[in-house]
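Dropping model.pdb in here (PDB, C-alpha atoms, pLDDT in the B column):
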ATOM      1  CA  MET A   1     -25.431 -11.269 -14.265  1.00 44.00           C
ATOM      2  CA  THR A   2     -22.574 -12.939 -12.360  1.00 48.00           C
ATOM      3  CA  PRO A   3     -20.915 -10.433 -10.034  1.00 59.00           C
ATOM      4  CA  LEU A   4     -17.368  -9.485 -10.928  1.00 66.00           C
ATOM      5  CA  PRO A   5     -14.618 -11.085  -8.895  1.00 86.00           C
ATOM      6  CA  PHE A   6     -12.708  -8.394  -7.031  1.00 94.00           C
ATOM      7  CA  PRO A   7     -15.258  -5.598  -7.442  1.00 95.00           C
ATOM      8  CA  LEU A   8     -14.351  -1.996  -6.803  1.00 95.00           C
ATOM      9  CA  ALA A   9     -14.765  -0.974  -3.170  1.00 96.00           C
ATOM     10  CA  GLU A  10     -17.997   0.915  -2.646  1.00 93.00           C
ATOM     11  CA  GLU A  11     -18.181   4.463  -1.378  1.00 94.00           C
ATOM     12  CA  PRO A  12     -17.890   4.334   2.432  1.00 96.00           C
ATOM     13  CA  GLU A  13     -20.953   4.797   4.577  1.00 96.00           C
ATOM     14  CA  THR A  14     -21.215   7.994   6.591  1.00 97.00           C
ATOM     15  CA  ALA A  15     -19.839   6.575   9.857  1.00 97.00           C
ATOM     16  CA  ALA A  16     -16.860   4.931   8.150  1.00 97.00           C
ATOM     17  CA  ARG A  17     -16.138   8.050   6.117  1.00 97.00           C
ATOM     18  CA  GLU A  18     -16.132  10.162   9.270  1.00 97.00           C
ATOM     19  CA  ALA A  19     -13.905   7.660  11.083  1.00 97.00           C
ATOM     20  CA  GLY A  20     -11.432   7.891   8.229  1.00 97.00           C
ATOM     21  CA  ARG A  21     -11.559  11.669   8.183  1.00 96.00           C
ATOM     22  CA  LEU A  22     -10.956  11.919  11.909  1.00 96.00           C
ATOM     23  CA  LEU A  23      -8.104   9.407  11.896  1.00 96.00           C
ATOM     24  CA  PHE A  24      -6.171  11.215   9.187  1.00 95.00           C
ATOM     25  CA  ALA A  25      -7.095  14.722  10.358  1.00 94.00           C
ATOM     26  CA  GLY A  26      -5.462  13.943  13.705  1.00 93.00           C
ATOM     27  CA  PRO A  27      -1.745  13.777  14.458  1.00 93.00           C
ATOM     28  CA  VAL A  28       0.372  11.946  11.889  1.00 93.00           C
ATOM     29  CA  ASP A  29       3.951  11.688  13.045  1.00 92.00           C
ATOM     30  CA  PHE A  30       7.060  10.091  11.625  1.00 92.00           C
ATOM     31  CA  VAL A  31       8.243   7.563  14.221  1.00 94.00           C
ATOM     32  CA  LYS A  32      11.405   6.039  12.777  1.00 92.00           C
ATOM     33  CA  GLY A  33      13.076   4.479   9.779  1.00 91.00           C
ATOM     34  CA  VAL A  34      13.938   0.840  10.386  1.00 89.00           C
ATOM     35  CA  VAL A  35      16.873  -0.892   8.694  1.00 86.00           C
ATOM     36  CA  ALA A  36      16.732  -4.213  10.588  1.00 88.00           C
ATOM     37  CA  MET A  37      13.999  -6.237  12.270  1.00 90.00           C
ATOM     38  CA  PRO A  38      15.205  -5.579  15.869  1.00 92.00           C
ATOM     39  CA  GLY A  39      14.611  -1.880  15.211  1.00 93.00           C
ATOM     40  CA  LEU A  40      10.850  -2.250  14.763  1.00 94.00           C
ATOM     41  CA  PRO A  41       8.789  -0.264  17.282  1.00 95.00           C
ATOM     42  CA  PRO A  42       6.792  -2.164  19.925  1.00 93.00           C
ATOM     43  CA  ALA A  43       3.923  -4.169  18.440  1.00 93.00           C
ATOM     44  CA  ASP A  44       1.391  -2.318  20.591  1.00 94.00           C
ATOM     45  CA  ARG A  45      -1.191  -1.302  17.995  1.00 96.00           C
ATOM     46  CA  LEU A  46      -2.734  -2.351  14.717  1.00 97.00           C
ATOM     47  CA  GLU A  47      -0.708  -1.466  11.634  1.00 97.00           C
ATOM     48  CA  VAL A  48      -1.163  -1.391   7.902  1.00 98.00           C
ATOM     49  CA  CYS A  49       1.608  -1.296   5.330  1.00 97.00           C
ATOM     50  CA  PHE A  50       1.963   0.008   1.806  1.00 96.00           C
ATOM     51  CA  ALA A  51       4.034  -1.990  -0.659  1.00 93.00           C
ATOM     52  CA  GLY A  52       4.625  -1.359  -4.325  1.00 92.00           C
ATOM     53  CA  ARG A  53       7.054  -1.237  -7.177  1.00 90.00           C
ATOM     54  CA  SER A  54       9.367   1.716  -7.215  1.00 84.00           C
ATOM     55  CA  ASN A  55       7.753   4.680  -8.979  1.00 87.00           C
ATOM     56  CA  VAL A  56       4.208   3.320  -8.444  1.00 93.00           C
ATOM     57  CA  GLY A  57       3.206   6.536  -6.659  1.00 93.00           C
ATOM     58  CA  LYS A  58       3.395   5.241  -3.079  1.00 93.00           C
ATOM     59  CA  SER A  59       4.772   8.411  -1.496  1.00 90.00           C
ATOM     60  CA  SER A  60       2.241  10.566  -3.333  1.00 93.00           C
ATOM     61  CA  LEU A  61      -0.601   8.321  -2.145  1.00 96.00           C
ATOM     62  CA  ILE A  62       0.549   8.431   1.486  1.00 94.00           C
ATOM     63  CA  ASN A  63       0.841  12.206   1.280  1.00 93.00           C
ATOM     64  CA  ALA A  64      -2.669  12.429  -0.205  1.00 95.00           C
ATOM     65  CA  LEU A  65      -4.109  10.181   2.519  1.00 96.00           C
ATOM     66  CA  THR A  66      -2.558  12.212   5.306  1.00 93.00           C
ATOM     67  CA  GLY A  67      -3.139  15.593   3.683  1.00 90.00           C
ATOM     68  CA  ARG A  68       0.526  16.439   4.180  1.00 84.00           C
ATOM     69  CA  LYS A  69       2.489  17.302   1.087  1.00 77.00           C
ATOM     70  CA  SER A  70       5.883  16.023   2.169  1.00 71.00           C
ATOM     71  CA  LEU A  71       5.274  13.423   4.867  1.00 77.00           C
ATOM     72  CA  ALA A  72       6.552  10.636   2.623  1.00 70.00           C
ATOM     73  CA  ARG A  73       9.271  11.786   0.288  1.00 64.00           C
ATOM     74  CA  ALA A  74       8.186  11.630  -3.317  1.00 52.00           C
ATOM     75  CA  SER A  75      11.137  11.286  -5.623  1.00 47.00           C
ATOM     76  CA  ASN A  76      11.787  11.065  -9.324  1.00 48.00           C
ATOM     77  CA  THR A  77      14.504   8.547  -8.491  1.00 49.00           C
ATOM     78  CA  PRO A  78      12.914   5.115  -8.044  1.00 48.00           C
ATOM     79  CA  GLY A  79      14.135   3.076  -5.100  1.00 49.00           C
ATOM     80  CA  ARG A  80      15.050   5.999  -2.900  1.00 51.00           C
ATOM     81  CA  THR A  81      13.252   4.622   0.160  1.00 58.00           C
ATOM     82  CA  GLN A  82      15.584   1.998   1.619  1.00 71.00           C
ATOM     83  CA  GLU A  83      14.028   1.714   5.068  1.00 82.00           C
ATOM     84  CA  ILE A  84      10.760   0.598   6.600  1.00 89.00           C
ATOM     85  CA  ASN A  85       9.306   3.965   7.567  1.00 91.00           C
ATOM     86  CA  TYR A  86       6.845   4.056  10.465  1.00 94.00           C
ATOM     87  CA  PHE A  87       4.226   6.775  10.871  1.00 95.00           C
ATOM     88  CA  ALA A  88       1.873   6.994  13.855  1.00 95.00           C
ATOM     89  CA  LEU A  89      -1.768   7.823  13.140  1.00 95.00           C
ATOM     90  CA  GLY A  90      -2.556   9.227  16.566  1.00 93.00           C
ATOM     91  CA  GLU A  91      -2.238   6.456  19.150  1.00 92.00           C
ATOM     92  CA  GLU A  92      -4.407   3.919  17.300  1.00 90.00           C
ATOM     93  CA  ARG A  93      -2.561   2.879  14.176  1.00 96.00           C
ATOM     94  CA  TYR A  94       0.806   2.626  12.516  1.00 97.00           C
ATOM     95  CA  LEU A  95       1.012   3.360   8.806  1.00 97.00           C
ATOM     96  CA  VAL A  96       4.095   1.619   7.426  1.00 95.00           C
ATOM     97  CA  ASP A  97       5.826   2.662   4.211  1.00 93.00           C
ATOM     98  CA  LEU A  98       7.831  -0.267   2.835  1.00 89.00           C
ATOM     99  CA  PRO A  99      10.819   0.009   0.491  1.00 83.00           C
ATOM    100  CA  GLY A 100       9.891   0.088  -3.163  1.00 82.00           C
ATOM    101  CA  TYR A 101      10.696  -3.134  -4.968  1.00 79.00           C
ATOM    102  CA  GLY A 102      11.530  -4.123  -8.510  1.00 71.00           C
ATOM    103  CA  TYR A 103      13.974  -1.389  -9.428  1.00 60.00           C
ATOM    104  CA  ALA A 104      16.531   0.726  -7.672  1.00 55.00           C
ATOM    105  CA  GLU A 105      19.533   2.812  -8.605  1.00 60.00           C
ATOM    106  CA  ALA A 106      21.608   1.386  -5.774  1.00 65.00           C
ATOM    107  CA  PRO A 107      24.411  -1.162  -5.458  1.00 72.00           C
ATOM    108  CA  LEU A 108      23.126  -4.723  -5.641  1.00 75.00           C
ATOM    109  CA  PRO A 109      24.157  -5.682  -2.057  1.00 78.00           C
ATOM    110  CA  ILE A 110      22.117  -2.762  -0.700  1.00 72.00           C
ATOM    111  CA  VAL A 111      19.116  -3.720  -2.821  1.00 72.00           C
ATOM    112  CA  GLU A 112      19.347  -7.323  -1.611  1.00 78.00           C
ATOM    113  CA  LYS A 113      19.638  -6.191   2.015  1.00 79.00           C
ATOM    114  CA  TRP A 114      16.440  -4.185   1.992  1.00 74.00           C
ATOM    115  CA  GLN A 115      14.583  -6.811  -0.017  1.00 75.00           C
ATOM    116  CA  ARG A 116      15.428  -9.296   2.769  1.00 82.00           C
ATOM    117  CA  LEU A 117      14.194  -6.776   5.329  1.00 84.00           C
ATOM    118  CA  LEU A 118      10.948  -6.352   3.385  1.00 81.00           C
ATOM    119  CA  LYS A 119      10.350 -10.107   3.303  1.00 83.00           C
ATOM    120  CA  SER A 120      11.205 -10.541   6.994  1.00 88.00           C
ATOM    121  CA  TYR A 121       8.764  -7.820   7.947  1.00 90.00           C
ATOM    122  CA  LEU A 122       5.899  -9.176   5.857  1.00 84.00           C
ATOM    123  CA  ALA A 123       6.422 -12.692   7.185  1.00 83.00           C
ATOM    124  CA  GLY A 124       6.827 -11.853  10.839  1.00 81.00           C
ATOM    125  CA  ARG A 125       4.876  -8.825  12.067  1.00 89.00           C
ATOM    126  CA  GLN A 126       1.982 -10.059  14.218  1.00 89.00           C
ATOM    127  CA  THR A 127       0.166  -6.705  14.428  1.00 94.00           C
ATOM    128  CA  LEU A 128       0.094  -6.223  10.656  1.00 96.00           C
ATOM    129  CA  ARG A 129      -3.609  -6.282   9.841  1.00 96.00           C
ATOM    130  CA  ARG A 130      -3.522  -5.617   6.112  1.00 97.00           C
ATOM    131  CA  ALA A 131      -1.001  -4.951   3.385  1.00 96.00           C
ATOM    132  CA  PHE A 132      -1.976  -2.596   0.604  1.00 98.00           C
ATOM    133  CA  VAL A 133      -0.220  -3.617  -2.602  1.00 97.00           C
ATOM    134  CA  LEU A 134      -0.071  -0.693  -4.998  1.00 98.00           C
ATOM    135  CA  VAL A 135      -0.430  -1.400  -8.714  1.00 98.00           C
ATOM    136  CA  ASP A 136       0.055   1.252 -11.392  1.00 97.00           C
ATOM    137  CA  THR A 137      -3.142   1.535 -13.465  1.00 97.00           C
ATOM    138  CA  ARG A 138      -1.021   2.143 -16.547  1.00 96.00           C
ATOM    139  CA  HIS A 139       0.770  -1.202 -16.257  1.00 95.00           C
ATOM    140  CA  GLY A 140      -1.262  -3.699 -14.208  1.00 97.00           C
ATOM    141  CA  VAL A 141       0.235  -6.576 -12.229  1.00 97.00           C
ATOM    142  CA  LYS A 142       3.824  -7.367 -13.202  1.00 94.00           C
ATOM    143  CA  PRO A 143       5.854 -10.460 -12.249  1.00 91.00           C
ATOM    144  CA  VAL A 144       7.574  -8.621  -9.396  1.00 88.00           C
ATOM    145  CA  ASP A 145       4.152  -7.712  -7.961  1.00 92.00           C
ATOM    146  CA  ASP A 146       3.140 -11.347  -8.187  1.00 93.00           C
ATOM    147  CA  GLU A 147       6.240 -12.328  -6.184  1.00 87.00           C
ATOM    148  CA  ILE A 148       5.195 -10.045  -3.324  1.00 89.00           C
ATOM    149  CA  MET A 149       1.641 -11.407  -3.481  1.00 93.00           C
ATOM    150  CA  GLN A 150       2.976 -14.960  -3.254  1.00 91.00           C
ATOM    151  CA  LEU A 151       5.010 -13.955  -0.190  1.00 88.00           C
ATOM    152  CA  LEU A 152       1.869 -12.511   1.394  1.00 91.00           C
ATOM    153  CA  ASP A 153      -0.003 -15.736   0.587  1.00 93.00           C
ATOM    154  CA  ARG A 154       2.701 -17.783   2.315  1.00 89.00           C
ATOM    155  CA  SER A 155       2.728 -15.410   5.290  1.00 88.00           C
ATOM    156  CA  ALA A 156      -1.088 -15.486   5.560  1.00 90.00           C
ATOM    157  CA  VAL A 157      -1.191 -11.687   5.434  1.00 93.00           C
ATOM    158  CA  THR A 158      -4.373 -10.323   3.890  1.00 95.00           C
ATOM    159  CA  PHE A 159      -3.545  -7.875   1.126  1.00 96.00           C
ATOM    160  CA  GLN A 160      -5.701  -5.481  -0.840  1.00 98.00           C
ATOM    161  CA  VAL A 161      -4.728  -4.083  -4.210  1.00 98.00           C
ATOM    162  CA  VAL A 162      -4.843  -0.313  -4.584  1.00 98.00           C
ATOM    163  CA  MET A 163      -4.678   0.960  -8.140  1.00 98.00           C
ATOM    164  CA  THR A 164      -2.669   4.183  -8.447  1.00 98.00           C
ATOM    165  CA  LYS A 165      -2.509   6.908 -11.110  1.00 97.00           C
ATOM    166  CA  ALA A 166      -5.986   6.059 -12.394  1.00 97.00           C
ATOM    167  CA  ASP A 167      -6.265   9.534 -13.922  1.00 96.00           C
ATOM    168  CA  LYS A 168      -3.407   8.746 -16.323  1.00 96.00           C
ATOM    169  CA  VAL A 169      -5.393   6.338 -18.514  1.00 96.00           C
ATOM    170  CA  SER A 170      -8.661   6.392 -20.432  1.00 96.00           C
ATOM    171  CA  ARG A 171     -11.740   4.626 -19.105  1.00 94.00           C
ATOM    172  CA  ALA A 172     -11.350   1.846 -21.687  1.00 96.00           C
ATOM    173  CA  GLU A 173      -7.692   1.325 -20.767  1.00 96.00           C
ATOM    174  CA  ARG A 174      -8.605   1.261 -17.096  1.00 96.00           C
ATOM    175  CA  MET A 175     -11.251  -1.423 -17.627  1.00 96.00           C
ATOM    176  CA  ALA A 176      -8.785  -3.593 -19.563  1.00 96.00           C
ATOM    177  CA  ILE A 177      -6.142  -3.270 -16.836  1.00 97.00           C
ATOM    178  CA  LEU A 178      -8.700  -4.050 -14.125  1.00 97.00           C
ATOM    179  CA  ASP A 179      -9.555  -7.273 -15.990  1.00 96.00           C
ATOM    180  CA  GLN A 180      -5.848  -8.173 -16.036  1.00 97.00           C
ATOM    181  CA  VAL A 181      -5.515  -7.429 -12.311  1.00 97.00           C
ATOM    182  CA  ARG A 182      -8.580  -9.508 -11.438  1.00 97.00           C
ATOM    183  CA  GLY A 183      -7.179 -12.426 -13.379  1.00 96.00           C
ATOM    184  CA  ALA A 184      -3.847 -12.146 -11.582  1.00 97.00           C
ATOM    185  CA  LEU A 185      -5.486 -11.955  -8.154  1.00 97.00           C
ATOM    186  CA  ALA A 186      -7.673 -15.009  -8.692  1.00 95.00           C
ATOM    187  CA  LYS A 187      -4.761 -17.319  -7.808  1.00 94.00           C
ATOM    188  CA  HIS A 188      -3.883 -15.574  -4.531  1.00 97.00           C
ATOM    189  CA  PRO A 189      -5.736 -16.839  -1.453  1.00 96.00           C
ATOM    190  CA  ALA A 190      -4.583 -13.896   0.681  1.00 96.00           C
ATOM    191  CA  ALA A 191      -6.076 -11.293  -1.678  1.00 97.00           C
ATOM    192  CA  TYR A 192      -8.896  -9.255  -0.156  1.00 97.00           C
ATOM    193  CA  PRO A 193     -11.852  -9.377  -2.575  1.00 96.00           C
ATOM    194  CA  GLU A 194     -12.157  -5.661  -3.330  1.00 97.00           C
ATOM    195  CA  LEU A 195     -10.064  -3.228  -5.347  1.00 98.00           C
ATOM    196  CA  VAL A 196      -9.548   0.440  -4.561  1.00 98.00           C
ATOM    197  CA  VAL A 197      -8.927   2.753  -7.525  1.00 98.00           C
ATOM    198  CA  THR A 198      -7.123   5.968  -6.639  1.00 97.00           C
ATOM    199  CA  SER A 199      -5.640   9.130  -8.045  1.00 97.00           C
ATOM    200  CA  SER A 200      -3.417  11.105  -5.702  1.00 95.00           C
ATOM    201  CA  GLU A 201      -3.655  14.139  -7.990  1.00 94.00           C
ATOM    202  CA  LYS A 202      -7.456  14.108  -8.342  1.00 95.00           C
ATOM    203  CA  GLY A 203      -8.258  12.730  -4.885  1.00 94.00           C
ATOM    204  CA  ASP A 204     -10.164   9.733  -6.280  1.00 96.00           C
ATOM    205  CA  GLY A 205     -10.497   6.851  -3.828  1.00 97.00           C
ATOM    206  CA  ILE A 206      -8.749   8.683  -0.980  1.00 97.00           C
ATOM    207  CA  GLU A 207     -11.790   8.846   1.303  1.00 97.00           C
ATOM    208  CA  THR A 208     -12.534   5.186   0.612  1.00 98.00           C
ATOM    209  CA  LEU A 209      -9.006   4.113   1.539  1.00 98.00           C
ATOM    210  CA  ARG A 210      -9.031   6.254   4.686  1.00 98.00           C
ATOM    211  CA  ALA A 211     -12.306   4.636   5.766  1.00 98.00           C
ATOM    212  CA  ILE A 212     -10.951   1.121   5.152  1.00 98.00           C
ATOM    213  CA  ILE A 213      -7.856   1.805   7.282  1.00 98.00           C
ATOM    214  CA  ALA A 214      -9.866   3.467  10.067  1.00 97.00           C
ATOM    215  CA  THR A 215     -12.388   0.624  10.380  1.00 97.00           C
ATOM    216  CA  LEU A 216      -9.995  -2.351  10.375  1.00 96.00           C
ATOM    217  CA  GLU A 217     -10.148  -4.367  13.597  1.00 91.00           C
TER     218      GLU A 217
END

Encoded form using structure tokens:
Amino acid sequence: MTPLPFPLAEEPETAAREAGRLLFAGPVDFVKGVVAMPGLPPADRLEVCFAGRSNVGKSSLINALTGRKSLARASNTPGRTQEINYFALGEERYLVDLPGYGYAEAPLPIVEKWQRLLKSYLAGRQTLRRAFVLVDTRHGVKPVDDEIMQLLDRSAVTFQVVMTKADKVSRAERMAILDQVRGALAKHPAAYPELVVTSSEKGDGIETLRAIIATLE
């Protein structure tokens, strides 16, 4: 049988699992919200970023990863995060929460401003090791997701798709959406060849994602 393109990430081995546990069990501190590129903190450590459409469940996923219920503000109002929010994982890593894209209840000039900031960051941050692009398991890859993936291709930034809200669909629906996502990713050279399926409510995939972040070099 031909192996699937973009298989699901395997359960982490013991050492990687423990590295992930220790990283996220340690200090996790909000550093700053950045509204312009000159405001970025010093590029003195490896960082990962989380990008996704508004209302994809990004804040809930970050809170689940860190085990802190209100570290990233979850909101019923899509597009609330208008800054690049930096969190320090101890002294080893930055976890970066990017503005949600694709929808926002905000004046158009403000939306355009933070979309430019998002693109500048993705194209120009040398210490960015991997972008995690969040895709809602109920909807799959949409055109606005594809735009971000194309930007990451052009910027030569490796990105890995993380499926969110996997508990909200049936197994059959999930398999169909995963097929759609794999097809969409096939045309993106910067796509990392593994998917992570998560549920912030159920805890599915959280240990796997922690291990991936902790073992990046």

*Distance query 10 Å from (-2.7, 6.1, -1.7) using all atoms listed in the file, result as a VMD selection string*: chain A and resid 50 57 to 66 132 134 162 to 165 196 to 200 203 to 207 209 to 210

*Using the chain letters and numbers from the file, which residues does the PyMOL selection byres ((chain A and resi 45) around 7) grab, as a VMD selection string?*
chain A and resid 43 to 44 46 to 47 92 to 93 127

With the file shown as input, list the residues that the PyMOL selection byres ((chain A and resi 124) around 12) selects, as a short mmCIF file (atom, residue, chain, number, x, y, z; two decimals) with C-alpha atoms, in the coordinates of the input.
data_model
loop_
_atom_site.label_atom_id
_atom_site.label_comp_id
_atom_site.auth_asym_id
_atom_site.auth_seq_id
_atom_site.Cartn_x
_atom_site.Cartn_y
_atom_site.Cartn_z
CA MET A 37 14.00 -6.24 12.27
CA PRO A 38 15.20 -5.58 15.87
CA LEU A 40 10.85 -2.25 14.76
CA ALA A 43 3.92 -4.17 18.44
CA LEU A 117 14.19 -6.78 5.33
CA LEU A 118 10.95 -6.35 3.38
CA LYS A 119 10.35 -10.11 3.30
CA SER A 120 11.20 -10.54 6.99
CA TYR A 121 8.76 -7.82 7.95
CA LEU A 122 5.90 -9.18 5.86
CA ALA A 123 6.42 -12.69 7.18
CA ARG A 125 4.88 -8.82 12.07
CA GLN A 126 1.98 -10.06 14.22
CA THR A 127 0.17 -6.70 14.43
CA LEU A 128 0.09 -6.22 10.66
CA ARG A 129 -3.61 -6.28 9.84
CA LEU A 151 5.01 -13.96 -0.19
CA LEU A 152 1.87 -12.51 1.39
CA ARG A 154 2.70 -17.78 2.32
CA SER A 155 2.73 -15.41 5.29
CA ALA A 156 -1.09 -15.49 5.56
CA VAL A 157 -1.19 -11.69 5.43
#

*Give as a PyMOL selection string the residues that the PyMOL selection byres ((chain A and resi 4-15) around 7) matches when applied to the coordinates above.*
chain A and resi 2-3+16-19+182+193-196+208+211

*Compile the contact shell of Gly140 (chain A) as a ChimeraX atom specification: residues with an atom at most 10 Å away, counting all atoms listed in the file, same-chain residues fewer than 4 positions apart removed.*
/A:134-136,145,163-164,174,176-182,184

*From the list A:Ser170, A:Gly20, A:Ile212, A:Glu83, which residue is nearest Val48 (chain A) when using only C-alpha atoms?*
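Of the candidates, the smallest distance to Val48 (chain A) is held by A:Ile212.
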
*asked:* Between CA of Ile213 (chain A) and CA of Gly102 (chain A), what distance in Å does the model show, to one decimal?
replied: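 CA of Gly102 (chain A) lies 25.7 Å from CA of Ile213 (chain A).
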
*Quick one, how far is CA of Arg171 (chain A) from CA of Ala51 (chain A)?*
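Here the two named atoms are 25.2 Å from each other.
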
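CA of Ala214 (chain A) is found 26.9 Å from CA of Asp146 (chain A).
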
Would you fill the gaps in region 112-124 of chain A so it has N, CA, C and O atoms, then print it as a compact mmCIF listing (two decimals), in the coordinates of the input?
# COMPACT_ATOMS: atom_id res chain seq x y z
N GLU A 112 19.64 -6.00 -2.18
CA GLU A 112 19.35 -7.32 -1.61
C GLU A 112 19.09 -7.22 -0.11
O GLU A 112 18.22 -7.91 0.43
N LYS A 113 19.81 -6.35 0.57
CA LYS A 113 19.64 -6.19 2.02
C LYS A 113 18.24 -5.71 2.34
O LYS A 113 17.56 -6.25 3.22
N TRP A 114 17.76 -4.68 1.61
CA TRP A 114 16.44 -4.18 1.99
C TRP A 114 15.31 -5.04 1.44
O TRP A 114 14.21 -5.05 1.99
N GLN A 115 15.60 -5.84 0.41
CA GLN A 115 14.58 -6.81 -0.02
C GLN A 115 14.41 -7.90 1.05
O GLN A 115 13.30 -8.37 1.31
N ARG A 116 15.52 -8.32 1.68
CA ARG A 116 15.43 -9.30 2.77
C ARG A 116 14.65 -8.72 3.95
O ARG A 116 13.84 -9.40 4.58
N LEU A 117 14.91 -7.44 4.24
CA LEU A 117 14.19 -6.78 5.33
C LEU A 117 12.70 -6.74 5.04
O LEU A 117 11.86 -7.03 5.91
N LEU A 118 12.35 -6.40 3.80
CA LEU A 118 10.95 -6.35 3.38
C LEU A 118 10.28 -7.72 3.61
O LEU A 118 9.20 -7.80 4.20
N LYS A 119 10.93 -8.77 3.18
CA LYS A 119 10.35 -10.11 3.30
C LYS A 119 10.24 -10.53 4.77
O LYS A 119 9.25 -11.14 5.17
N SER A 120 11.26 -10.19 5.57
CA SER A 120 11.20 -10.54 6.99
C SER A 120 10.05 -9.83 7.68
O SER A 120 9.34 -10.43 8.50
N TYR A 121 9.86 -8.58 7.34
CA TYR A 121 8.76 -7.82 7.95
C TYR A 121 7.41 -8.43 7.58
O TYR A 121 6.57 -8.67 8.44
N LEU A 122 7.20 -8.66 6.30
CA LEU A 122 5.90 -9.18 5.86
C LEU A 122 5.60 -10.54 6.46
O LEU A 122 4.44 -10.87 6.73
N ALA A 123 6.64 -11.34 6.68
CA ALA A 123 6.42 -12.69 7.18
C ALA A 123 6.27 -12.75 8.70
O ALA A 123 5.73 -13.73 9.22
N GLY A 124 6.71 -11.69 9.41
CA GLY A 124 6.83 -11.85 10.84
C GLY A 124 6.22 -10.79 11.74
O GLY A 124 6.48 -10.79 12.94
